[in-house]
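The structure file target-v3.cif is reproduced below (mmCIF, C-alpha atoms (C1' of nucleotides)).
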data_query
loop_
_atom_site.label_atom_id
_atom_site.label_comp_id
_atom_site.auth_asym_id
_atom_site.auth_seq_id
_atom_site.Cartn_x
_atom_site.Cartn_y
_atom_site.Cartn_z
CA MET A 1 -207.83 -42.65 20.47
CA GLY A 2 -208.65 -43.53 24.03
CA LEU A 3 -207.31 -42.30 27.30
CA SER A 4 -203.79 -42.64 28.59
CA SER A 5 -202.57 -45.73 30.37
CA ARG A 6 -202.14 -43.73 33.56
CA SER A 7 -205.19 -45.34 35.13
CA ALA A 8 -203.73 -48.77 34.54
CA VAL A 9 -200.43 -47.70 36.06
CA ALA A 10 -202.16 -46.10 39.03
CA ILE A 11 -204.26 -49.17 39.77
CA HIS A 12 -201.26 -51.44 39.34
CA ALA A 13 -199.25 -49.37 41.80
CA LEU A 14 -202.07 -49.16 44.33
CA THR A 15 -202.52 -52.91 44.21
CA MET A 16 -198.81 -53.40 44.83
CA LEU A 17 -198.90 -51.02 47.78
CA ALA A 18 -201.85 -52.94 49.16
CA ARG A 19 -200.08 -56.26 48.68
CA TRP A 20 -196.98 -55.16 50.57
CA GLY A 21 -198.82 -52.91 52.96
CA GLU A 22 -196.39 -53.35 55.83
CA LYS A 23 -193.49 -51.65 54.15
CA SER A 24 -193.36 -48.77 51.73
CA LEU A 25 -192.28 -49.35 48.14
CA THR A 26 -189.93 -47.18 46.10
CA SER A 27 -190.75 -45.86 42.68
CA ALA A 28 -187.99 -48.07 41.32
CA GLU A 29 -189.58 -51.21 42.72
CA ILE A 30 -192.94 -50.33 41.23
CA ALA A 31 -191.31 -49.40 37.94
CA ASP A 32 -189.67 -52.84 37.85
CA SER A 33 -193.06 -54.52 38.03
CA LEU A 34 -194.36 -52.20 35.31
CA GLU A 35 -191.28 -52.75 33.15
CA SER A 36 -191.16 -48.99 33.09
CA ASN A 37 -189.43 -45.96 34.48
CA PRO A 38 -189.21 -44.64 38.07
CA VAL A 39 -189.89 -41.09 36.92
CA LEU A 40 -193.10 -42.12 35.22
CA VAL A 41 -194.18 -43.88 38.39
CA ARG A 42 -193.38 -40.86 40.54
CA ARG A 43 -195.40 -38.63 38.26
CA ILE A 44 -198.46 -40.81 38.56
CA LEU A 45 -198.06 -41.52 42.27
CA GLY A 46 -197.69 -37.77 42.71
CA SER A 47 -201.19 -37.34 41.33
CA LEU A 48 -202.44 -40.07 43.65
CA ARG A 49 -200.84 -38.27 46.57
CA ASP A 50 -202.52 -35.00 45.56
CA ALA A 51 -205.80 -36.91 45.61
CA GLY A 52 -205.10 -38.23 49.10
CA LEU A 53 -204.79 -41.89 48.12
CA VAL A 54 -201.12 -42.40 48.99
CA TRP A 55 -198.33 -40.61 50.81
CA SER A 56 -194.63 -40.50 50.28
CA THR A 57 -191.51 -40.00 52.40
CA GLU A 58 -188.37 -38.45 51.01
CA GLY A 59 -184.77 -39.28 51.67
CA ARG A 60 -183.07 -42.58 52.24
CA ASN A 61 -185.48 -45.48 52.95
CA GLY A 62 -188.19 -43.26 51.59
CA GLY A 63 -191.02 -44.55 49.44
CA TRP A 64 -194.75 -44.79 49.01
CA SER A 65 -197.60 -46.14 51.11
CA LEU A 66 -201.37 -46.22 50.96
CA ALA A 67 -203.13 -43.39 52.77
CA ARG A 68 -206.36 -45.37 53.13
CA ALA A 69 -207.44 -48.97 53.55
CA PRO A 70 -207.50 -50.83 50.22
CA ARG A 71 -211.24 -51.36 50.58
CA GLU A 72 -211.68 -47.59 50.77
CA ILE A 73 -210.04 -46.99 47.40
CA THR A 74 -212.06 -47.61 44.27
CA LEU A 75 -210.88 -47.83 40.69
CA HIS A 76 -212.77 -44.62 40.12
CA ASP A 77 -210.67 -42.90 42.78
CA ALA A 78 -207.54 -43.92 40.91
CA TYR A 79 -209.02 -43.01 37.55
CA SER A 80 -210.19 -39.56 38.52
CA ALA A 81 -206.89 -38.79 40.23
CA VAL A 82 -204.81 -39.26 37.11
CA GLU A 83 -207.20 -38.65 34.23
CA ALA A 84 -208.38 -35.14 33.60
CA GLY A 85 -210.94 -34.09 31.05
CA PRO A 86 -214.03 -35.64 29.53
CA ILE A 87 -213.87 -38.98 27.72
CA LEU A 88 -216.24 -38.37 24.86
CA SER A 89 -214.89 -35.30 23.13
CA ARG A 90 -217.31 -32.58 22.21
CA HIS A 91 -217.33 -30.50 19.06
CA ALA A 92 -213.88 -29.19 18.19
CA HIS A 93 -215.47 -25.86 17.31
CA PRO A 94 -218.89 -24.58 18.34
CA PRO A 95 -221.31 -25.35 15.50
CA SER A 96 -222.98 -22.67 13.43
CA ALA A 97 -225.76 -20.72 15.12
CA GLU A 98 -227.31 -20.28 11.70
CA CYS A 99 -228.35 -23.90 11.65
CA GLU A 100 -231.40 -25.10 13.49
CA VAL A 101 -229.58 -28.22 14.62
CA GLY A 102 -226.25 -26.49 15.23
CA ARG A 103 -227.89 -24.09 17.64
CA HIS A 104 -228.94 -26.79 20.08
CA ILE A 105 -226.97 -29.94 19.47
CA GLN A 106 -224.03 -28.93 21.60
CA GLY A 107 -226.07 -28.47 24.74
CA LEU A 108 -227.98 -31.67 24.20
CA LEU A 109 -224.85 -33.69 23.52
CA GLU A 110 -223.26 -32.32 26.65
CA GLY A 111 -226.02 -33.86 28.74
CA GLU A 112 -225.96 -37.18 26.93
CA PHE A 113 -222.20 -37.54 27.03
CA ARG A 114 -222.05 -36.56 30.64
CA ASP A 115 -224.59 -39.22 31.58
CA ALA A 116 -222.66 -41.82 29.62
CA GLU A 117 -219.40 -40.90 31.29
CA ARG A 118 -221.05 -41.01 34.68
CA ALA A 119 -222.26 -44.53 33.96
CA MET A 120 -218.70 -45.63 33.31
CA GLU A 121 -217.37 -43.91 36.38
CA GLU A 122 -220.11 -45.39 38.50
CA ARG A 123 -219.08 -48.85 37.38
CA LEU A 124 -215.44 -48.14 38.16
CA GLY A 125 -216.49 -46.98 41.60
CA ARG A 126 -217.87 -50.41 42.44
CA THR A 127 -214.52 -52.19 42.43
CA THR A 128 -211.97 -51.52 45.15
CA ILE A 129 -208.27 -52.17 45.39
CA ALA A 130 -209.05 -54.71 48.10
CA HIS A 131 -211.26 -56.58 45.67
CA LEU A 132 -208.52 -56.57 43.06
CA LEU A 133 -205.89 -57.71 45.55
CA ARG A 134 -208.08 -60.56 46.70
CA GLN A 135 -208.33 -61.81 43.12
CA VAL A 136 -204.60 -61.47 42.62
CA LEU A 137 -203.92 -63.61 45.68
CA GLU A 138 -206.56 -66.10 44.55
CA ARG A 139 -204.96 -66.51 41.16
CA GLU A 140 -201.57 -66.79 42.79
CA ARG A 141 -202.86 -69.60 44.99
CA GLU A 142 -204.12 -71.43 41.92
CA LEU A 143 -200.67 -71.20 40.37
CA ALA A 144 -199.26 -72.91 43.45
CA LEU A 145 -201.43 -75.99 42.83
CA PRO A 146 -200.36 -77.19 39.38
CA ASP A 147 -202.03 -80.61 39.88
CA ARG A 148 -205.44 -79.07 40.27
CA PRO A 149 -205.88 -76.58 37.41
CA PRO A 150 -208.63 -73.97 37.88
CA ALA A 151 -212.00 -74.88 36.34
CA PRO A 152 -210.90 -77.58 33.86
CA ALA A 153 -213.11 -78.15 30.84
CA GLY A 154 -214.41 -81.53 31.94
CA ALA A 155 -214.99 -80.84 35.62
CA MET B 1 -206.73 -37.10 26.57
CA GLY B 2 -210.10 -38.42 25.68
CA LEU B 3 -211.52 -39.68 22.44
CA SER B 4 -211.80 -37.85 19.16
CA SER B 5 -214.69 -35.56 18.39
CA ARG B 6 -215.85 -37.87 15.64
CA SER B 7 -218.77 -39.09 17.70
CA ALA B 8 -219.99 -35.54 18.15
CA VAL B 9 -219.68 -34.89 14.43
CA ALA B 10 -221.46 -38.15 13.59
CA ILE B 11 -224.37 -37.44 15.91
CA HIS B 12 -224.61 -33.87 14.68
CA ALA B 13 -224.76 -35.06 11.08
CA LEU B 14 -227.29 -37.78 11.80
CA THR B 15 -229.54 -35.29 13.56
CA MET B 16 -229.35 -32.96 10.58
CA LEU B 17 -230.23 -35.79 8.21
CA ALA B 18 -233.19 -36.66 10.42
CA ARG B 19 -234.31 -33.04 10.53
CA TRP B 20 -234.33 -32.65 6.75
CA GLY B 21 -235.31 -36.21 6.07
CA GLU B 22 -237.17 -35.46 2.85
CA LYS B 23 -234.11 -34.39 0.93
CA SER B 24 -230.53 -35.54 1.08
CA LEU B 25 -227.84 -33.20 2.37
CA THR B 26 -224.40 -32.63 0.89
CA SER B 27 -221.21 -32.88 2.86
CA ALA B 28 -220.75 -29.14 2.28
CA GLU B 29 -224.09 -28.30 3.90
CA ILE B 30 -223.29 -30.42 6.93
CA ALA B 31 -219.78 -28.96 7.09
CA ASP B 32 -221.32 -25.47 7.13
CA SER B 33 -223.31 -26.33 10.22
CA LEU B 34 -220.19 -27.79 11.84
CA GLU B 35 -218.05 -24.80 10.82
CA SER B 36 -215.76 -27.43 9.41
CA ASN B 37 -214.62 -29.10 6.24
CA PRO B 38 -216.53 -31.23 3.69
CA VAL B 39 -213.71 -33.77 3.54
CA LEU B 40 -213.86 -34.31 7.27
CA VAL B 41 -217.62 -34.81 7.03
CA ARG B 42 -217.26 -37.30 4.19
CA ARG B 43 -214.70 -39.27 6.17
CA ILE B 44 -217.04 -39.61 9.10
CA LEU B 45 -220.20 -40.19 7.07
CA GLY B 46 -218.24 -42.83 5.19
CA SER B 47 -217.81 -44.72 8.45
CA LEU B 48 -221.51 -44.34 9.16
CA ARG B 49 -222.29 -45.73 5.72
CA ASP B 50 -220.03 -48.72 6.34
CA ALA B 51 -222.03 -49.29 9.52
CA GLY B 52 -225.29 -49.17 7.59
CA LEU B 53 -226.62 -46.00 9.21
CA VAL B 54 -226.67 -43.75 6.11
CA TRP B 55 -226.29 -44.06 2.37
CA SER B 56 -224.90 -41.71 -0.21
CA THR B 57 -225.49 -40.98 -3.89
CA GLU B 58 -222.72 -39.71 -6.13
CA GLY B 59 -222.84 -37.19 -8.91
CA ARG B 60 -224.78 -33.98 -9.25
CA ASN B 61 -227.62 -33.58 -6.74
CA GLY B 62 -225.95 -36.35 -4.78
CA GLY B 63 -225.72 -36.35 -1.03
CA TRP B 64 -226.48 -38.24 2.13
CA SER B 65 -229.61 -39.72 3.67
CA LEU B 66 -230.48 -41.87 6.66
CA ALA B 67 -230.65 -45.60 6.00
CA ARG B 68 -232.90 -46.22 9.01
CA ALA B 69 -235.63 -44.41 10.90
CA PRO B 70 -234.20 -41.91 13.41
CA ARG B 71 -235.72 -43.87 16.27
CA GLU B 72 -233.78 -46.92 15.12
CA ILE B 73 -230.41 -45.18 15.43
CA THR B 74 -228.88 -44.83 18.88
CA LEU B 75 -225.97 -42.69 19.96
CA HIS B 76 -224.12 -45.91 20.55
CA ASP B 77 -224.61 -46.86 16.90
CA ALA B 78 -222.98 -43.59 15.90
CA TYR B 79 -220.25 -43.92 18.49
CA SER B 80 -219.25 -47.46 17.61
CA ALA B 81 -219.27 -46.67 13.89
CA VAL B 82 -216.61 -43.98 14.15
CA GLU B 83 -214.64 -44.80 17.30
CA ALA B 84 -212.35 -47.78 17.25
CA GLY B 85 -210.44 -49.09 20.20
CA PRO B 86 -210.98 -49.26 23.93
CA ILE B 87 -211.56 -46.13 25.98
CA LEU B 88 -209.60 -46.95 29.10
CA SER B 89 -206.10 -47.72 27.91
CA ARG B 90 -204.40 -50.79 29.24
CA HIS B 91 -200.76 -51.17 30.20
CA ALA B 92 -198.45 -49.76 27.53
CA HIS B 93 -196.21 -52.80 28.04
CA PRO B 94 -197.09 -56.09 29.67
CA PRO B 95 -195.99 -55.94 33.32
CA SER B 96 -193.27 -58.10 34.75
CA ALA B 97 -194.11 -61.74 35.26
CA GLU B 98 -191.62 -61.73 38.11
CA CYS B 99 -194.01 -59.71 40.25
CA GLU B 100 -196.89 -61.33 42.03
CA VAL B 101 -199.14 -58.42 41.15
CA GLY B 102 -197.72 -57.92 37.67
CA ARG B 103 -198.56 -61.50 36.77
CA HIS B 104 -202.29 -61.07 37.22
CA ILE B 105 -203.19 -57.39 37.15
CA GLN B 106 -203.47 -57.16 33.40
CA GLY B 107 -206.11 -59.85 33.11
CA LEU B 108 -208.08 -58.47 36.02
CA LEU B 109 -207.97 -54.92 34.70
CA GLU B 110 -209.15 -56.11 31.33
CA GLY B 111 -212.37 -57.39 32.88
CA GLU B 112 -212.94 -54.31 34.99
CA PHE B 113 -212.27 -51.86 32.19
CA ARG B 114 -214.41 -53.79 29.78
CA ASP B 115 -217.34 -53.71 32.18
CA ALA B 116 -216.93 -49.99 32.68
CA GLU B 117 -216.81 -49.33 28.96
CA ARG B 118 -219.89 -51.46 28.47
CA ALA B 119 -221.74 -49.39 31.05
CA MET B 120 -221.00 -46.24 29.08
CA GLU B 121 -221.99 -47.81 25.80
CA GLU B 122 -225.17 -49.14 27.31
CA ARG B 123 -226.11 -45.63 28.38
CA LEU B 124 -225.36 -44.25 24.92
CA GLY B 125 -227.59 -46.95 23.45
CA ARG B 126 -230.60 -45.59 25.31
CA THR B 127 -230.80 -42.32 23.40
CA THR B 128 -231.85 -42.26 19.76
CA ILE B 129 -231.46 -39.68 17.04
CA ALA B 130 -235.25 -39.27 17.11
CA HIS B 131 -235.04 -38.36 20.78
CA LEU B 132 -232.35 -35.81 20.07
CA LEU B 133 -234.24 -34.33 17.14
CA ARG B 134 -237.38 -33.97 19.25
CA GLN B 135 -235.45 -31.94 21.80
CA VAL B 136 -233.90 -29.79 19.10
CA LEU B 137 -237.34 -28.94 17.72
CA GLU B 138 -238.63 -28.31 21.22
CA ARG B 139 -235.87 -25.84 21.98
CA GLU B 140 -236.42 -24.21 18.62
CA ARG B 141 -240.10 -23.72 19.43
CA GLU B 142 -239.16 -22.05 22.69
CA LEU B 143 -236.95 -19.61 20.82
CA ALA B 144 -239.94 -18.64 18.69
CA LEU B 145 -241.88 -17.50 21.77
CA PRO B 146 -239.71 -14.70 23.20
CA ASP B 147 -242.61 -13.42 25.40
CA ARG B 148 -242.87 -16.69 27.24
CA PRO B 149 -239.31 -17.69 28.17
CA PRO B 150 -238.83 -21.35 29.11
CA ALA B 151 -239.06 -22.08 32.83
CA PRO B 152 -238.63 -18.57 34.25
CA ALA B 153 -237.29 -18.31 37.78
CA GLY B 154 -240.56 -17.14 39.36
CA ALA B 155 -242.97 -19.36 37.49
"C1'" DC C 1 -169.97 -37.04 54.07
"C1'" DA C 2 -172.07 -40.72 51.21
"C1'" DA C 3 -176.00 -43.25 49.78
"C1'" DA C 4 -180.75 -43.73 48.62
"C1'" DC C 5 -184.57 -41.83 47.98
"C1'" DT C 6 -188.34 -38.03 46.17
"C1'" DG C 7 -189.52 -34.05 43.18
"C1'" DT C 8 -189.33 -31.67 38.98
"C1'" DA C 9 -187.94 -29.69 34.68
"C1'" DA C 10 -186.38 -30.42 29.98
"C1'" DC C 11 -186.10 -33.09 26.18
"C1'" DT C 12 -187.04 -36.75 22.53
"C1'" DA C 13 -189.84 -39.89 19.57
"C1'" DC C 14 -194.08 -41.23 18.22
"C1'" DG C 15 -198.78 -41.40 17.02
"C1'" DA C 16 -203.52 -39.52 16.57
"C1'" DC C 17 -206.08 -35.74 15.47
"C1'" DG C 18 -208.35 -31.84 12.82
"C1'" DG C 19 -207.79 -29.67 8.77
"C1'" DT C 20 -206.52 -28.80 3.72
"C1'" DG C 21 -205.56 -29.40 -1.24
"C1'" DG C 22 -205.70 -32.21 -5.15
"C1'" DC C 23 -207.80 -35.26 -8.27
"C1'" DA C 24 -210.29 -39.20 -10.29
"C1'" DG C 25 -215.01 -40.92 -10.74
"C1'" DT C 26 -219.98 -40.30 -11.22
"C1'" DA C 27 -224.39 -38.43 -12.42
"C1'" DG C 28 -227.70 -34.83 -13.54
"C1'" DA C 29 -228.40 -30.42 -16.37
"C1'" DT C 30 -228.08 -27.92 -20.63
"C1'" DA D 1 -220.92 -33.81 -25.54
"C1'" DT D 2 -219.90 -30.76 -22.11
"C1'" DC D 3 -220.43 -28.39 -17.96
"C1'" DT D 4 -221.43 -28.64 -13.18
"C1'" DA D 5 -221.88 -30.50 -8.66
"C1'" DC D 6 -221.30 -33.94 -6.07
"C1'" DT D 7 -218.69 -38.34 -3.67
"C1'" DG D 8 -214.43 -40.93 -2.69
"C1'" DC D 9 -209.87 -41.11 -1.65
"C1'" DC D 10 -204.98 -40.06 -0.99
"C1'" DA D 11 -201.15 -37.41 0.67
"C1'" DC D 12 -199.75 -33.92 3.45
"C1'" DC D 13 -199.31 -30.42 7.32
"C1'" DG D 14 -199.22 -28.42 12.14
"C1'" DT D 15 -200.48 -29.38 16.69
"C1'" DC D 16 -200.93 -31.82 20.78
"C1'" DG D 17 -200.76 -35.57 24.30
"C1'" DT D 18 -198.15 -39.47 25.76
"C1'" DA D 19 -194.38 -42.64 27.23
"C1'" DG D 20 -189.94 -42.64 28.06
"C1'" DT D 21 -185.36 -40.73 29.35
"C1'" DT D 22 -181.69 -37.74 31.29
"C1'" DA D 23 -180.34 -34.53 34.51
"C1'" DC D 24 -180.24 -32.39 38.71
"C1'" DA D 25 -181.76 -30.15 43.14
"C1'" DG D 26 -183.63 -31.32 47.66
"C1'" DT D 27 -184.21 -34.54 51.69
"C1'" DT D 28 -183.36 -38.05 54.94
"C1'" DT D 29 -180.77 -41.94 56.84
"C1'" DG D 30 -176.44 -44.49 57.86
#
Would you mind giving the structure from this file in structure tokens?
Amino acid sequence: MGLSSRSAVAIHALTMLARWGEKSLTSAEIADSLESNPVLVRRILGSLRDAGLVWSTEGRNGGWSLARAPREITLHDAYSAVEAGPILSRHAHPPSAECEVGRHIQGLLEGEFRDAERAMEERLGRTTIAHLLRQVLERERELALPDRPPAPAGA
Amino acid sequence: MGLSSRSAVAIHALTMLARWGEKSLTSAEIADSLESNPVLVRRILGSLRDAGLVWSTEGRNGGWSLARAPREITLHDAYSAVEAGPILSRHAHPPSAECEVGRHIQGLLEGEFRDAERAMEERLGRTTIAHLLRQVLERERELALPDRPPAPAGA
DNA sequence: CAAACTGTAACTACGACGGTGGCAGTAGAT
DNA sequence: ATCTACTGCCACCGTCGTAGTTACAGTTTG
């Protein structure tokens, strides 16, 4: 089935906060960009705040800001803040201890799956919000030069 | 939420088929080891058959056998046979094109997530059913020697 | 006080999942 | 030929996580 889209929302929001770092953004502004709902955004940013990635101020003119420099926040930070359990699900029930394979497979799978998940997380940890923001600005700059399209086929 | 437990079931079944390679196993026998249901097992083994990992024979004395040598079947083979879509979910809706970040984040995330998923799959591809079976037999041998426990604290 | 925010609980709709029963088809056993 | 033991497949159920929404209490600024 796959995980939730919370990671995508979290990374999107963090990139927005990095882009407009001077001022704080409200959950409504971020929800507008997501074509979604302020409550959903607050739920996810709440998790990011619990993880120490952002902070919020209440009341009028309140909103959200980054708690660290964009280059100090990796995609793995965002992922692990909003996504809980393991990715590769284990046995729904413990297998039968009567079976020679059933007795041991669970423990062995645990190690294998854990290694595989770690590999994914390690890869996520190599990209930062700063890196993402840089690419966003780059692509935006390309849009501003319609006469010189990026990497044309015959160039 | 994480993926389904189909991968775990598939790997469990493949390891059993490798262990009793001489004779074919029925879905009921495998379900017994899983403490689960023959229909569930047939559903998953059906996917493995479609992927060319096992074959089945109908009728009395029918059952399931490996279609390849255990060392030619990786955990990634099992995983990709039974698990469909992406692991890290993308945006539920496309973000707003009005937003400078929303315009580009989806494409960028796609690349990042895809790389991360590939890292996990690559790691799964490094372990084979033969490797798993060897460890099962090893642990079983240790159980047969109660006087010499494996790796005691003071050894 | 009024306005604009966060924070949180409650609720809905939907989809995927594990699990179950039923039944047609197939092949060996007698 | 019939019985038996399988696969293959469909339809269904209860449960759970998710996205989305409404509602409302609390907080800060103007």
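Of the listed residues A:Ala97, A:Val136, A:Leu108, A:His131, the one whose atoms come nearest to Glu35 of chain B is A:Ala97, with distances taken using only C-alpha atoms.
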Give the superposed chain B as a CSV table (one decimal) with C-alpha atoms, in the coordinates of the input, the fit being least squares on chain A over all ordered C-alpha pairs.
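part_31.csv, written as the output of this step:
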chain,number,residue,atom,x,y,z
B,1,MET,CA,-207.7,-42.8,20.5
B,2,GLY,CA,-208.7,-43.5,24.0
B,3,LEU,CA,-207.3,-42.3,27.3
B,4,SER,CA,-203.8,-42.6,28.6
B,5,SER,CA,-202.6,-45.7,30.4
B,6,ARG,CA,-202.2,-43.7,33.5
B,7,SER,CA,-205.2,-45.3,35.1
B,8,ALA,CA,-203.8,-48.7,34.5
B,9,VAL,CA,-200.4,-47.7,36.0
B,10,ALA,CA,-202.2,-46.1,39.0
B,11,ILE,CA,-204.3,-49.2,39.8
B,12,HIS,CA,-201.3,-51.4,39.3
B,13,ALA,CA,-199.3,-49.4,41.8
B,14,LEU,CA,-202.1,-49.2,44.3
B,15,THR,CA,-202.5,-52.9,44.2
B,16,MET,CA,-198.8,-53.4,44.8
B,17,LEU,CA,-198.9,-51.0,47.8
B,18,ALA,CA,-201.9,-53.0,49.2
B,19,ARG,CA,-200.1,-56.3,48.6
B,20,TRP,CA,-197.0,-55.2,50.5
B,21,GLY,CA,-198.8,-53.0,52.9
B,22,GLU,CA,-196.4,-53.4,55.8
B,23,LYS,CA,-193.5,-51.7,54.1
B,24,SER,CA,-193.4,-48.8,51.7
B,25,LEU,CA,-192.3,-49.4,48.1
B,26,THR,CA,-190.0,-47.2,46.1
B,27,SER,CA,-190.8,-45.9,42.7
B,28,ALA,CA,-188.0,-48.1,41.3
B,29,GLU,CA,-189.6,-51.2,42.7
B,30,ILE,CA,-193.0,-50.3,41.2
B,31,ALA,CA,-191.3,-49.4,37.9
B,32,ASP,CA,-189.7,-52.8,37.8
B,33,SER,CA,-193.1,-54.5,38.0
B,34,LEU,CA,-194.4,-52.2,35.3
B,35,GLU,CA,-191.3,-52.7,33.1
B,36,SER,CA,-191.2,-48.9,33.0
B,37,ASN,CA,-189.5,-45.9,34.5
B,38,PRO,CA,-189.3,-44.6,38.0
B,39,VAL,CA,-189.9,-41.0,36.9
B,40,LEU,CA,-193.1,-42.1,35.2
B,41,VAL,CA,-194.2,-43.8,38.4
B,42,ARG,CA,-193.4,-40.8,40.5
B,43,ARG,CA,-195.5,-38.6,38.2
B,44,ILE,CA,-198.5,-40.8,38.6
B,45,LEU,CA,-198.1,-41.5,42.3
B,46,GLY,CA,-197.7,-37.8,42.7
B,47,SER,CA,-201.2,-37.3,41.4
B,48,LEU,CA,-202.5,-40.1,43.7
B,49,ARG,CA,-200.9,-38.3,46.6
B,50,ASP,CA,-202.5,-35.0,45.6
B,51,ALA,CA,-205.8,-36.9,45.7
B,52,GLY,CA,-205.1,-38.2,49.1
B,53,LEU,CA,-204.8,-41.9,48.1
B,54,VAL,CA,-201.1,-42.4,49.0
B,55,TRP,CA,-198.3,-40.6,50.8
B,56,SER,CA,-194.6,-40.6,50.3
B,57,THR,CA,-191.5,-40.1,52.5
B,58,GLU,CA,-188.3,-38.6,51.1
B,59,GLY,CA,-184.8,-39.5,51.8
B,60,ARG,CA,-183.1,-42.8,52.3
B,61,ASN,CA,-185.5,-45.7,52.9
B,62,GLY,CA,-188.2,-43.4,51.6
B,63,GLY,CA,-191.0,-44.6,49.4
B,64,TRP,CA,-194.8,-44.9,49.0
B,65,SER,CA,-197.6,-46.2,51.1
B,66,LEU,CA,-201.4,-46.2,51.0
B,67,ALA,CA,-203.1,-43.4,52.8
B,68,ARG,CA,-206.4,-45.4,53.1
B,69,ALA,CA,-207.4,-49.0,53.6
B,70,PRO,CA,-207.5,-50.9,50.2
B,71,ARG,CA,-211.2,-51.4,50.6
B,72,GLU,CA,-211.7,-47.6,50.8
B,73,ILE,CA,-210.0,-47.0,47.4
B,74,THR,CA,-212.1,-47.6,44.3
B,75,LEU,CA,-210.9,-47.8,40.7
B,76,HIS,CA,-212.8,-44.6,40.1
B,77,ASP,CA,-210.7,-42.9,42.8
B,78,ALA,CA,-207.6,-43.9,40.9
B,79,TYR,CA,-209.0,-43.0,37.6
B,80,SER,CA,-210.2,-39.5,38.6
B,81,ALA,CA,-206.9,-38.8,40.3
B,82,VAL,CA,-204.8,-39.2,37.1
B,83,GLU,CA,-207.2,-38.6,34.2
B,84,ALA,CA,-208.4,-35.1,33.6
B,85,GLY,CA,-210.9,-34.1,31.0
B,86,PRO,CA,-214.0,-35.6,29.5
B,87,ILE,CA,-213.9,-38.9,27.7
B,88,LEU,CA,-216.2,-38.3,24.9
B,89,SER,CA,-214.9,-35.3,23.1
B,90,ARG,CA,-217.3,-32.5,22.2
B,91,HIS,CA,-217.3,-30.4,19.0
B,92,ALA,CA,-213.9,-29.1,18.2
B,93,HIS,CA,-215.5,-25.8,17.3
B,94,PRO,CA,-218.9,-24.5,18.3
B,95,PRO,CA,-221.3,-25.3,15.4
B,96,SER,CA,-223.0,-22.6,13.4
B,97,ALA,CA,-225.8,-20.7,15.1
B,98,GLU,CA,-227.3,-20.3,11.6
B,99,CYS,CA,-228.4,-23.9,11.6
B,100,GLU,CA,-231.4,-25.1,13.4
B,101,VAL,CA,-229.6,-28.2,14.6
B,102,GLY,CA,-226.3,-26.5,15.2
B,103,ARG,CA,-227.9,-24.1,17.6
B,104,HIS,CA,-229.0,-26.7,20.0
B,105,ILE,CA,-226.9,-29.9,19.4
B,106,GLN,CA,-224.0,-28.9,21.6
B,107,GLY,CA,-226.1,-28.4,24.7
B,108,LEU,CA,-228.0,-31.6,24.2
B,109,LEU,CA,-224.8,-33.6,23.5
B,110,GLU,CA,-223.3,-32.3,26.6
B,111,GLY,CA,-226.0,-33.8,28.7
B,112,GLU,CA,-226.0,-37.1,26.9
B,113,PHE,CA,-222.2,-37.5,27.0
B,114,ARG,CA,-222.0,-36.5,30.6
B,115,ASP,CA,-224.6,-39.1,31.6
B,116,ALA,CA,-222.6,-41.8,29.7
B,117,GLU,CA,-219.4,-40.8,31.3
B,118,ARG,CA,-221.0,-40.9,34.7
B,119,ALA,CA,-222.3,-44.5,34.0
B,120,MET,CA,-218.7,-45.6,33.3
B,121,GLU,CA,-217.4,-43.8,36.4
B,122,GLU,CA,-220.1,-45.3,38.5
B,123,ARG,CA,-219.1,-48.8,37.4
B,124,LEU,CA,-215.5,-48.1,38.2
B,125,GLY,CA,-216.5,-46.9,41.6
B,126,ARG,CA,-217.9,-50.4,42.4
B,127,THR,CA,-214.5,-52.2,42.4
B,128,THR,CA,-212.0,-51.5,45.2
B,129,ILE,CA,-208.3,-52.1,45.4
B,130,ALA,CA,-209.0,-54.7,48.1
B,131,HIS,CA,-211.3,-56.6,45.6
B,132,LEU,CA,-208.5,-56.6,43.0
B,133,LEU,CA,-205.9,-57.7,45.5
B,134,ARG,CA,-208.1,-60.6,46.7
B,135,GLN,CA,-208.3,-61.8,43.1
B,136,VAL,CA,-204.6,-61.5,42.6
B,137,LEU,CA,-203.9,-63.6,45.6
B,138,GLU,CA,-206.6,-66.1,44.5
B,139,ARG,CA,-205.0,-66.5,41.1
B,140,GLU,CA,-201.6,-66.8,42.7
B,141,ARG,CA,-202.8,-69.6,44.9
B,142,GLU,CA,-204.1,-71.4,41.9
B,143,LEU,CA,-200.7,-71.2,40.3
B,144,ALA,CA,-199.2,-72.9,43.4
B,145,LEU,CA,-201.4,-76.0,42.8
B,146,PRO,CA,-200.3,-77.3,39.4
B,147,ASP,CA,-201.9,-80.7,40.0
B,148,ARG,CA,-205.4,-79.1,40.4
B,149,PRO,CA,-205.8,-76.7,37.5
B,150,PRO,CA,-208.5,-74.1,38.0
B,151,ALA,CA,-211.9,-75.0,36.4
B,152,PRO,CA,-210.8,-77.8,34.1
B,153,ALA,CA,-213.0,-78.5,31.0
B,154,GLY,CA,-214.3,-81.8,32.3
B,155,ALA,CA,-214.8,-81.0,35.9
With a cut-off of 9 Å and counting only C-alpha atoms (C1' of nucleotides), select all residues of chain C in contact with chain B and give the selection as a list in words. DA16, DC17, DG18, DG19, DT20, DG25, DT26, DA27, DG28 and DA29 of chain C
What residues in chain B lie within 12 Å of chain D, counting only C-alpha atoms (C1' of nucleotides), written as an NGL selection string? :B and (1-3 or 24-29 or 38-43 or 45-46 or 55-64 or 89 or 91-93)
Just want the 7 Å neighbourhood of Gly102 of chain A, counted on all atoms listed in the file, with same-chain residues fewer than 6 positions away dropped. Output as a PyMOL selection string. (chain A and resi 95-96) or (chain B and resi 33)
I need the contact residues of chain A against chain B, so if you could list those with any atom within 8 Å, counting all atoms listed in the file, and return them as a ChimeraX atom specification, that would help. /A:1-9,12,15-16,19,32-35,83-102,104-105,108-109,112-113,115-121,123-124,127,132,135-136,139-140
